[in-house]
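Notes for the one structure printed next.
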There are 2 protein chains.
Amino acid sequence: MSDFQFAPGFRAAGGRCGLKASGKPDLALIVADGPCTAAGVFTTNQIKAAPVLYDQAVLAANAAGVRAIIANSGCANACTGPQGEQAASTMAQSAAAALGCDPGAVLVLSTGVIGVQLDTAKIAAGVQSLAPALAVAGAPSVAQAIMTTDTRPKTASTTLTINGRTITLAGVAKGAGMIHPMMATMLAIITTDAQIAPELLQSALHHATAATFNCVTVDGDPSTNDTVLLLASGAADVTIDSASYDAFCTALTDLSRDLARQIAADGEGATKLVEVTVSGAHSVSDARTIARAIARSPLVKTAIHGGDPNWGRILAAAGIAGVPFEPQLLKLWLGSVQVVASGTPCAFAEADAAAQMAGPEVAIRLDLGLADAVGQAWTCDLSAEYVSINADYRT
Amino acid sequence: MSDFQFAPGFRAAGGRCGLKASGKPDLALIVADGPCTAAGVFTTNQIKAAPVLYDQAVLAANAAGVRAIIANSGCANACTGPQGEQAASTMAQSAAAALGCDPGAVLVLSTGVIGVQLDTAKIAAGVQSLAPALAVAGAPSVAQAIMTTDTRPKTASTTLTINGRTITLAGVAKGAGMIHPMMATMLAIITTDAQIAPELLQSALHHATAATFNCVTVDGDPSTNDTVLLLASGAADVTIDSASYDAFCTALTDLSRDLARQIAADGEGATKLVEVTVSGAHSVSDARTIARAIARSPLVKTAIHGGDPNWGRILAAAGIAGVPFEPQLLKLWLGSVQVVASGTPCAFAEADAAAQMAGPEVAIRLDLGLADAVGQAWTCDLSAEYVSINADYRT
């Protein structure tokens with residue numbers, strides 16, 4: 001983790017500006033050496049935080065000319081009305097002034113408590129002290145500065161070769177709960193040194209997010225602030241075109257899955273990562289919908305926490321996903337042990353099934369027997385620790 | 001509770017047949033003196049337990065000639081395939097033989113662990129010992145015999161006067177979790193001595209259930225076994241017609257709400273009943289959808305458990321309900337304390353808001369400011385005790 005770097009063409013810095021009463025890191029800057037193409041995927045919650053609205057406007061106007069991202073934890077700047085929208089703009093201006101670029105070239109991210117106005121004076125002072133520290137080696141401190149109830153920073157990087165030249169994809173994420181401040185803010189910042197048109201970049205990010213970040217559920221609820229940003233610096237001097245798009249998309253999806261799994265594994269109070277795979281569906285969308293319904297069920301999550309191979313809860317959760325299937329065709333596996341065939345229980349040894357749930361990763365696979373599409377979702381177990389974290393998060 | 005009776009025209013008995021390893025009550029009979037009209041509302045889960053399928057067939061064929069209900073706890077008879085369907089039929093035959101009626105006049109209810117075949121020999125022997133005990137005074141033992149993780153039996157009764165004559169509505173329910181066996185089985189049996197045509201009875205039950213039982217959420221998931229049955233004996237010699245239908249419907253809804261609130265208050269691990277009221281919606285359906293989304297949120301439920309007036313979680317939960325609204329029009333109250341106006345926080349004293357969450361009942365009201373429709377939902381807080389109950393339910 002301490003060796004983590006963003007893609008070539010980016011420098012970064014993370015530190016403290018005093019938004020968090022704990023004194024932990026709460027401000028980060030990522031700056032590109034030149035204009036980047038940029039893409040974003042945002043929360044579907046009707047209540048969108050001010051930074052989400054700000055970024056949507058920046059991307060609509062200037063998706064080929066983004067220079068920087070400024071991110072804070074400790075305050076979500078959500079449910080803050082017109083004053084909050086002004087604060088998001090002021091935050092971008094602080095970064096733009098320090099970096100010598102236009103405020104319309106700066107994206108902003110916030111996570112923290114809802115309904116509290118952002119202290120833009122602290123942000124401005126923090127930018128002044130962070131800007132001189134911008135460096136390639138600063139990337140790990142960004143992963144730290146965006147953490148809320150996360151217990152560990154989340155980073156991932158990968159390379160791929162296109163026409164004999166190497167490009168890099170590297171990103172950070174935070175999740176943990178997914179809660180902080182309220183409803184599970186999930187933030188991710190991904191960088192690449194590929195050259196790619198804004199429309200292609202946005203298409204690749206939508207594709208990757210649909211298969212990964214959008215298939216993580218800890219509380220089941222999208223936050224007011226959820227955002228995934230992707231910046232492409234072009235520093236590798238490799239252009240992604242229609243011939244190389246699929247390879248780029250696959251690499252981006254793999255990287256996103258890596259970060260998404262880290263988020264699920266570090267869910268609040270989590271002791272296990274749970275991967276749900278639904279196969280035999282009519283469409284990938286159907287398969288993901290059922291996988292998410294299983295991953296969202298508190299009954300499934302508590303059974304996994306207890307190491308209880310309570311497969312009936314898994315079938316019942318599938319049954320309310322809203323996707324038609326034939327109960328008598330269902331097959332279910334816990335790890336490598338098949339527990340259901342033809343919709344009724346197989347003869348299996350309880351101890352064998354329980355053993356599949358004993359490790360840090362639990363794999364559930366449900367086959368619908370209808371067609372060939374597959375989808376996945378990730379979550380964590382639901383522990384008493386989750387309750388104690390969330391019963392007293394704010395006070 | 002010990003004085004509870006079903007409506008005139010019904011006798012009942014509850015006792016033990018050995019399905020529960022604990023030796024607690026697990027079998028109940030409710031028998032009418034003559035043919036009843038009957039109505040039922042069943043789970044929307046695609047995976048329907050055998051007794052649900054059986055009852056749907058009985059009501060389709062014989063809704064004006066039902067004589068009895070037989071109910072067991074300790075085994076859900078769900079995910080049990082053709083053998084389970086045969087067992088539901090055998091269960092009805094056992095009751096019919098003991099009572100001297102047709103099996104097609106008997107409704108069956110089961111709750112308990114999924115995927116285990118029902119021991120119909122135990123049921124048959126239990127019926128033999130219960131049948132001689134059938135009595136008006138047996139009603140409280142029915143409420144006991146259908147309990148699973150419920151901590152207390154749930155009963156309610158009311159009367160109303162139509163054309164100078166009194167009719168009675170009386171029912172029992174179980175919920176608790178709503179989990180047992182898996183996904184929160186909710187069962188209710190309501191009786192009345194009114195005379196009412198099957199179509200009107202079904203219509204009244206749909207109306208009442210939509211506003212009450214279907215607005216309770218503990219885990220958020222309908223079980224494979226959820227069932228509400230309503231029998232009308234006609235013993236009061238009062239016929240419900242179009243003139244008296246509204247009054248009957250209101251009384252039935254009030255009774256159902258009473259039972260629904262008891263279910264929510266006794267959710268697994270619950271320490272508080274939470275009533276969510278959404279007003280100012282375009283339709284009752286919209287209001288209920290948002291109320292249910294708030295009531296379902298684990299983040300809202302844990303905050304209430306901790307007595308934390310974390311109102312942002314409530315707005316964020318509303319924002320993902322799928323019902324359009326205008327964030328800047330939202331008003332929110334915790335008990336009598338308004339915490340949000342125009343979508344942003346009011347000036348309120350944290351201690352005042354926290355005090356609204358200190359008692360055994362917590363009232364949340366969200367006004368959308370769009371129109372005049374109102375809807376409610378009920379849930380309980382989410383405690384560490386919930387996790388420990390469910391982490392080890394089956395093993």
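In the structure tokens, each chain is lettered A, B, ... as it comes, each chain's residues begin at 1, and ligands are numbered from 1 in order of appearance.
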Taking only C-alpha atoms into account, produce a table as a tab-separated table in which each residue of region 200-299 of chain B with an atom at most 12 Å from an atom of region 158-170 of chain B appears once, together with its shortest atom pair and the distance in Å to one decimal, ordered by chain and rising number.
residue	atom	partner	partner_atom	distance
B:Leu229	CA	B:Ala170	CA	11.8
B:Leu230	CA	B:Leu169	CA	9.7
B:Leu231	CA	B:Leu169	CA	9.8
B:Ala232	CA	B:Leu169	CA	9.1
B:Ser233	CA	B:Thr168	CA	10.5
B:Gly234	CA	B:Ile167	CA	9.3
B:Ala235	CA	B:Ile167	CA	8.9
B:Ala236	CA	B:Ile167	CA	6.0
B:Asp237	CA	B:Arg165	CA	8.7
B:Val238	CA	B:Arg165	CA	7.1
B:Thr239	CA	B:Ile162	CA	9.0
B:Ile240	CA	B:Ile162	CA	8.5
B:Asp241	CA	B:Ile162	CA	10.5
B:Ala243	CA	B:Ile162	CA	9.7
B:Ser244	CA	B:Ile162	CA	6.9
B:Tyr245	CA	B:Ile162	CA	10.0
B:Asp246	CA	B:Ile162	CA	11.0
B:Ala247	CA	B:Leu160	CA	8.0
B:Phe248	CA	B:Leu160	CA	7.8
B:Cys249	CA	B:Leu160	CA	10.8
B:Thr250	CA	B:Leu160	CA	9.9
B:Ala251	CA	B:Leu160	CA	7.1
B:Leu252	CA	B:Leu169	CA	7.1
B:Thr253	CA	B:Leu169	CA	10.5
B:Asp254	CA	B:Thr158	CA	8.7
B:Leu255	CA	B:Thr158	CA	6.8
B:Ser256	CA	B:Ala170	CA	9.6
B:Arg257	CA	B:Thr158	CA	11.9
B:Asp258	CA	B:Thr158	CA	10.2
B:Leu259	CA	B:Ala170	CA	10.2
Members of region 201-241 of chain A assigned strand (DSSP E or B) by DSSP, as a list in words |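 Matching residues, listed in order: Val216, Thr227, Val228, Leu229, Leu230, Leu231, Ala232 and Thr239 of chain A.
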Compile the contact shell of Ser203 (chain B) as a ChimeraX atom specification: residues with an atom at most 12 Å away, counting only C-alpha atoms, same-chain residues fewer than 2 positions apart removed.
-> /B:38-41,196-201,205-210,230,242,245-246,248-249,252-253
Write out as a VMD selection string which residues come within 12 Å of Ala60 (chain B) when counting only C-alpha atoms, dropping same-chain ones fewer than 2 positions away.
-> chain B and resid 37 to 40 53 to 58 62 to 66 104 to 105 107 198 to 199 202
d(CA of Arg67 (chain A), CA of Ala96 (chain A)) in Å | 8.9 Å
Please provide as a ChimeraX atom specification all residues within 8 Å of Leu134 (chain B), with the sequence filter that same-chain residues fewer than 6 positions apart are discarded (counting only C-alpha atoms).
-> /B:11-13,29-31
Same residues, C-alpha atoms, saved as a compact mmCIF listing (two decimals), in the first residue's frame:
# COMPACT_ATOMS: atom_id res chain seq x y z
CA ARG B 11 -64.02 -22.60 19.23
CA ALA B 12 -60.29 -23.10 19.49
CA ALA B 13 -57.52 -25.12 21.08
CA LEU B 29 -57.11 -25.59 15.76
CA ILE B 30 -59.81 -22.99 15.15
CA VAL B 31 -63.19 -24.47 14.28
Measuring atom to atom with only C-alpha atoms, identify which of A:Ile364, A:Gly319, A:Ala349, A:Thr227 is nearest to Val278 (chain A).
->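 Answer, going by the shortest atom-to-atom distance: A:Ile364.
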Residue contacts of Leu382 (chain A) (8 Å, only C-alpha atoms) excluding same-chain residues fewer than 2 positions away, as a PyMOL selection string = (chain A and resi 269-270+298+301-302+304-305+380+384+386) or (chain B and resi 387)
Those residues you just picked out, can you put them in a file as a tab-separated table (two decimals), in the first residue's frame with N, CA and C atoms?
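File produced: out37.tsv:
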chain	number	residue	atom	x	y	z
A	269	GLY	N	-18.19	-3.41	10.70
A	269	GLY	CA	-18.37	-4.58	11.54
A	269	GLY	C	-18.12	-5.91	10.85
A	270	ALA	N	-17.65	-5.85	9.59
A	270	ALA	CA	-17.52	-7.08	8.79
A	270	ALA	C	-16.44	-8.00	9.32
A	298	PRO	N	-30.69	-8.94	5.42
A	298	PRO	CA	-30.09	-9.02	6.76
A	298	PRO	C	-30.12	-10.43	7.32
A	301	LYS	N	-27.19	-12.24	5.81
A	301	LYS	CA	-25.94	-11.69	6.34
A	301	LYS	C	-25.70	-12.11	7.80
A	302	THR	N	-26.76	-12.18	8.58
A	302	THR	CA	-26.58	-12.62	9.97
A	302	THR	C	-26.29	-14.11	10.02
A	304	ILE	N	-24.66	-15.83	7.83
A	304	ILE	CA	-23.25	-16.00	7.47
A	304	ILE	C	-22.36	-15.59	8.63
A	305	HIS	N	-22.75	-14.52	9.31
A	305	HIS	CA	-21.96	-14.11	10.48
A	305	HIS	C	-21.87	-15.24	11.49
A	380	CYS	N	-20.88	-8.12	3.01
A	380	CYS	CA	-20.16	-8.67	4.16
A	380	CYS	C	-21.19	-9.25	5.10
A	384	ALA	N	-22.89	-7.90	15.29
A	384	ALA	CA	-23.32	-7.01	16.37
A	384	ALA	C	-22.48	-5.74	16.36
A	386	TYR	N	-21.58	-4.08	13.76
A	386	TYR	CA	-22.24	-3.15	12.84
A	386	TYR	C	-23.26	-2.31	13.59
B	387	VAL	N	-28.95	-9.45	15.81
B	387	VAL	CA	-27.88	-10.19	15.14
B	387	VAL	C	-27.64	-11.52	15.83
Which residues come within 12 Å of Gln338 (chain A), counting only C-alpha atoms, excluding same-chain residues fewer than 4 positions away, as a ChimeraX atom specification?
-> /A:309,311,330-334,342-350,352-354,356,363-367
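The interatomic distance for the pair CA of Pro360 (chain B) and CA of Ser223 (chain B) works out to 26.5 Å.
The space between CA of Gln128 (chain B) and CA of Leu99 (chain B) spans 9.7 Å.
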Could you tell me which of B:Ala260, B:Ala316, B:Val362, B:Ala137 comes closest to Asn45 (chain A) if we count only C-alpha atoms?
->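 Closest to Asn45 (chain A), using only C-alpha atoms: B:Ala316.
The nearest approach to chain B among the residues A:Ala295, A:Val284, A:Ala351, A:Ile47, with only C-alpha atoms taken into account, belongs to A:Ile47.
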